[in-house]
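The structure under discussion appears below in the form of structure tokens.
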Amino acid sequence: MWQRGTAFVSPSSGTYLADRWKREGTSAGAYTVNQLTSANLPTVAQASVFFNFGLEIDVTTADASVAAGDLEALVQRVEGYLWRPFAQRACTLSFWVKSTKTGTHCVALRNSGDDRSYVATYTVLASDTWEYKTIAVSASPSAGTWNYTTGTGLTISFTLMCGSTAQTTAGTWQTGNFSGTSAQVNCLDSTANFFRITGVRLDAGSVAMPYSTPDWSTELLRCQRYYQKSFNYATAPATNAGVPGSYSFPSPVGASTASTSPLGVLQTRMRSAPTTTLYNPSAANSQVRNLSLSTDCSGSSIGASETGQSASFTTPASTVAGTHSLAYHWTAEAEL
């Protein structure tokens, strides 16, 4: 799922990219993140499955000197309810990877309190070649701060660069917040570097099950628990992006009236009350739009509960007809 767009130029740390995946970084390096399509993914002959998409990190600004506090990683945070069936059991992480950097790479699993970490290593054997990896993870400890409800149950972190502050010994649960080992290669040391990944799967037990492409509509609903939008799926959220998909409703009667839009039902219940953003569909601002008069309301803001959203606004003096149509686009985010 790629609700936010399919290309991200120099995303800042904490920016979500493909759904549920974000950048976590403190280095001086920079990169673009792009959606990979089937022509650039493992073939059916290789993987026994037709992959829809993958994710590519393409370095644009190199950072060849790794300071103690430097860290770059591609991260997914798993909700506690989803992590609970795996907790205190051995697990197997599997994925396909393609990197220009051969040698030792790390992947880390951390708890909600960042006070327990499991770092594993895998080896990229050949540059610019898709390789399948499986990693055995021992049962998570009961000690430490774990969340098994709506918070972060587990953080999975594919490490690209790791300074000494975040380094530890691989292969066992450690007390502390760690992301790699001293052997981790620096994937950001050249603008010729890229890192690609697809087919990530976590299984309970000691066997990696075959990857199966999820049902598209079901997977979208799962992602919408954490992020959803009014825009058409293929439209990246932005102001002045067009009316299709926007939330439309009749104008209140009366000039300069402070009003609230009717409650709009979200596509699915979200993890928590989301952070909402309002977008004008027909102008480059964040106001509710009067489509009938091609004018903007003022003082627009938007709020939401886990199940619905609505906007507050003031109609301009020229808005006096209840037959007028008002509209706005929105996004709602309840990511971990």
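Identifiers in the structure tokens: chain A, B, ... in order shown; residue index from 1 per chain; ligand index from 1 in order shown.
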Taking only C-alpha atoms into account, produce a table as a Markdown table in which each residue of region 141-240 of chain A with an atom at most 9 Å from an atom of region 253-277 of chain A appears once, together with its shortest atom pair and the distance in Å to one decimal, ordered by chain and rising number.
```
| residue | atom | partner | partner_atom | distance |
| --- | --- | --- | --- | --- |
| A:Thr150 | CA | A:Arg271 | CA | 6.4 |
| A:Gly151 | CA | A:Arg271 | CA | 8.7 |
| A:Leu221 | CA | A:Thr268 | CA | 6.8 |
| A:Arg222 | CA | A:Thr268 | CA | 8.6 |
| A:Gln224 | CA | A:Thr268 | CA | 6.6 |
| A:Arg225 | CA | A:Met270 | CA | 4.1 |
| A:Tyr226 | CA | A:Met270 | CA | 5.9 |
| A:Tyr227 | CA | A:Met270 | CA | 7.8 |
| A:Gln228 | CA | A:Gln267 | CA | 7.7 |
| A:Lys229 | CA | A:Leu266 | CA | 8.8 |
```
Could you check the closest approach to Ala332 (chain A) for each of A:Val33, A:Leu278, A:Ala7, A:Cys297 and tell me which residue wins, using only C-alpha atoms? A:Leu278
Tell me, as a PyMOL selection string, which residues lie within 9 Å of Thr121 (chain A), counting only C-alpha atoms; anything in the same chain fewer than 5 positions away does not count. chain A and resi 104-108+135+170-171+180-181+183-184
Restricting to only C-alpha atoms, whichever of A:Gly25, A:Gly303, A:Gly199, A:Gly322 is closest to Pro42 (chain A) is A:Gly199
Exercise: region 47-49 of chain A partners within 10 Å, only C-alpha atoms, chain neighbours under 3 positions left out, as an NGL selection string: :A and (41-44 or 52 or 96 or 130-132 or 199 or 210-213)
Residues as selected, N, CA and C atoms, written as a tab-separated table (two decimals), in the first residue's frame, can you do that?
```tsv
chain	number	residue	atom	x	y	z
A	41	LEU	N	11.45	-6.46	-9.42
A	41	LEU	CA	11.32	-7.31	-8.23
A	41	LEU	C	11.71	-8.74	-8.57
A	42	PRO	N	11.88	-9.60	-7.55
A	42	PRO	CA	12.15	-11.01	-7.84
A	42	PRO	C	11.06	-11.60	-8.73
A	43	THR	N	11.47	-12.43	-9.66
A	43	THR	CA	10.50	-13.02	-10.59
A	43	THR	C	9.72	-14.14	-9.92
A	44	VAL	N	8.65	-14.56	-10.56
A	44	VAL	CA	7.87	-15.69	-10.06
A	44	VAL	C	8.74	-16.95	-10.03
A	52	ASN	N	3.66	-7.53	-5.88
A	52	ASN	CA	3.06	-6.29	-6.38
A	52	ASN	C	4.07	-5.16	-6.39
A	96	TRP	N	13.03	-10.57	0.95
A	96	TRP	CA	13.92	-10.49	-0.20
A	96	TRP	C	14.65	-9.15	-0.15
A	130	TRP	N	18.92	-9.90	-6.25
A	130	TRP	CA	17.90	-10.27	-5.27
A	130	TRP	C	18.30	-11.56	-4.55
A	131	GLU	N	18.24	-11.53	-3.21
A	131	GLU	CA	18.55	-12.68	-2.37
A	131	GLU	C	17.48	-12.85	-1.31
A	132	TYR	N	17.13	-14.08	-1.04
A	132	TYR	CA	16.11	-14.41	-0.04
A	132	TYR	C	16.79	-14.71	1.29
A	199	GLY	N	8.59	-8.43	0.14
A	199	GLY	CA	8.20	-9.74	0.66
A	199	GLY	C	8.52	-9.97	2.11
A	210	PRO	N	5.71	-19.76	3.11
A	210	PRO	CA	5.76	-19.11	1.79
A	210	PRO	C	5.00	-17.79	1.80
A	211	TYR	N	5.55	-16.81	1.13
A	211	TYR	CA	4.89	-15.51	1.06
A	211	TYR	C	3.69	-15.59	0.13
A	212	SER	N	2.59	-15.03	0.56
A	212	SER	CA	1.40	-14.95	-0.28
A	212	SER	C	0.96	-13.50	-0.35
A	213	THR	N	0.65	-13.04	-1.56
A	213	THR	CA	0.24	-11.65	-1.74
A	213	THR	C	-1.12	-11.45	-1.10
```
Identify all residues of region 66-195 of chain A in helix (DSSP H, G or I) (DSSP on the backbone) and supply them as a ChimeraX atom specification. /A:80-86,164-166
Selected residues, C-alpha atoms, written as a PDB file, in the first residue's frame, please.
```pdb
ATOM      1  CA  GLY A  80       0.534  -4.556  20.314  1.00  0.00           C
ATOM      2  CA  TYR A  81      -2.640  -6.457  19.434  1.00  0.00           C
ATOM      3  CA  LEU A  82      -0.876  -7.861  16.347  1.00  0.00           C
ATOM      4  CA  TRP A  83       2.348  -8.609  18.193  1.00  0.00           C
ATOM      5  CA  ARG A  84       0.663 -10.436  21.075  1.00  0.00           C
ATOM      6  CA  PRO A  85       0.304 -13.822  19.236  1.00  0.00           C
ATOM      7  CA  PHE A  86       4.082 -13.784  18.613  1.00  0.00           C
ATOM      8  CA  SER A 164      28.718   2.551  18.020  1.00  0.00           C
ATOM      9  CA  THR A 165      26.047   3.910  20.386  1.00  0.00           C
ATOM     10  CA  ALA A 166      23.431   1.567  18.872  1.00  0.00           C
TER      11      ALA A 166
END
```
Please, which residues in region 1-67 of chain A fall within 9 Å of region 237-243 of chain A when counting only C-alpha atoms, and what is the closest atom pair and distance in Å to one decimal for each, ordered by chain then residue number, as a Markdown table?
```
| residue | atom | partner | partner_atom | distance |
| --- | --- | --- | --- | --- |
| A:Gln3 | CA | A:Pro237 | CA | 8.4 |
| A:Arg4 | CA | A:Pro237 | CA | 6.5 |
| A:Gly5 | CA | A:Pro237 | CA | 7.9 |
```
Write a file of the just-selected residues containing C-alpha atoms, as a PDB file, in the first residue's frame.
```pdb
ATOM      1  CA  GLN A   3      -1.466   5.900   0.109  1.00  0.00           C
ATOM      2  CA  ARG A   4       0.902   8.833   0.658  1.00  0.00           C
ATOM      3  CA  GLY A   5       2.564   8.630  -2.751  1.00  0.00           C
TER       4      GLY A   5
END
```
Taking the backbone alone, and naming residues the way the document does, which bits of region 98-296 of chain A are strand (DSSP E or B) by DSSP, as a VMD selection string? chain A and resid 98 to 99 103 to 110 116 to 124 131 to 137 152 to 162 167 173 to 175 180 194 to 204 227 to 229 247 to 250 258 to 260 264 to 265 275 to 279 289 to 290 295 to 296
Can you list, as a count of residues only, every protein, DNA or RNA residue that comes within 7 Å of Ser112 (chain A) when you count only C-alpha atoms, leaving out same-chain residues fewer than 3 positions away? 6
Skip Leu202 (chain A) itself and residues of its chain fewer than 6 positions away, then list as a PDB file with C-alpha atoms, in the first residue's frame all residues within 7 Å of it, counting only C-alpha atoms.
```
ATOM      1  CA  CYS A  91       9.737 -16.331  15.389  1.00  0.00           C
ATOM      2  CA  THR A  92      11.129 -16.338  11.874  1.00  0.00           C
ATOM      3  CA  LEU A  93      11.592 -13.185   9.825  1.00  0.00           C
ATOM      4  CA  SER A  94      11.901 -13.603   6.054  1.00  0.00           C
TER       5      SER A  94
END
```
Extract, using only C-alpha atoms, all DNA, RNA and protein residues at most 9 Å from Asn232 (chain A), discarding same-chain residues fewer than 2 positions from it, and format them as an mmCIF file with C-alpha atoms, in the first residue's frame.
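Heads up, here's the output in around21.cif:
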```cif
data_model
loop_
_atom_site.group_PDB
_atom_site.id
_atom_site.type_symbol
_atom_site.label_atom_id
_atom_site.label_comp_id
_atom_site.auth_asym_id
_atom_site.auth_seq_id
_atom_site.Cartn_x
_atom_site.Cartn_y
_atom_site.Cartn_z
ATOM 1 C CA GLN A 3 -1.466 5.900 0.109
ATOM 2 C CA LYS A 229 -7.521 9.894 3.275
ATOM 3 C CA SER A 230 -10.362 11.303 1.182
ATOM 4 C CA ALA A 234 -3.524 7.025 -6.553
ATOM 5 C CA THR A 235 -3.600 10.736 -5.594
ATOM 6 C CA ALA A 236 -0.987 11.881 -3.095
ATOM 7 C CA PRO A 244 -12.832 13.919 -6.767
ATOM 8 C CA GLY A 245 -13.074 12.066 -3.480
ATOM 9 C CA SER A 246 -13.460 15.206 -1.348
#
```
Find, counting only C-alpha atoms, the residue in A:Ala317, A:Leu336, A:Leu160, A:Leu36 that gets nearest to Gly103 (chain A).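 Under the stated criterion, the closest residue is A:Leu160.
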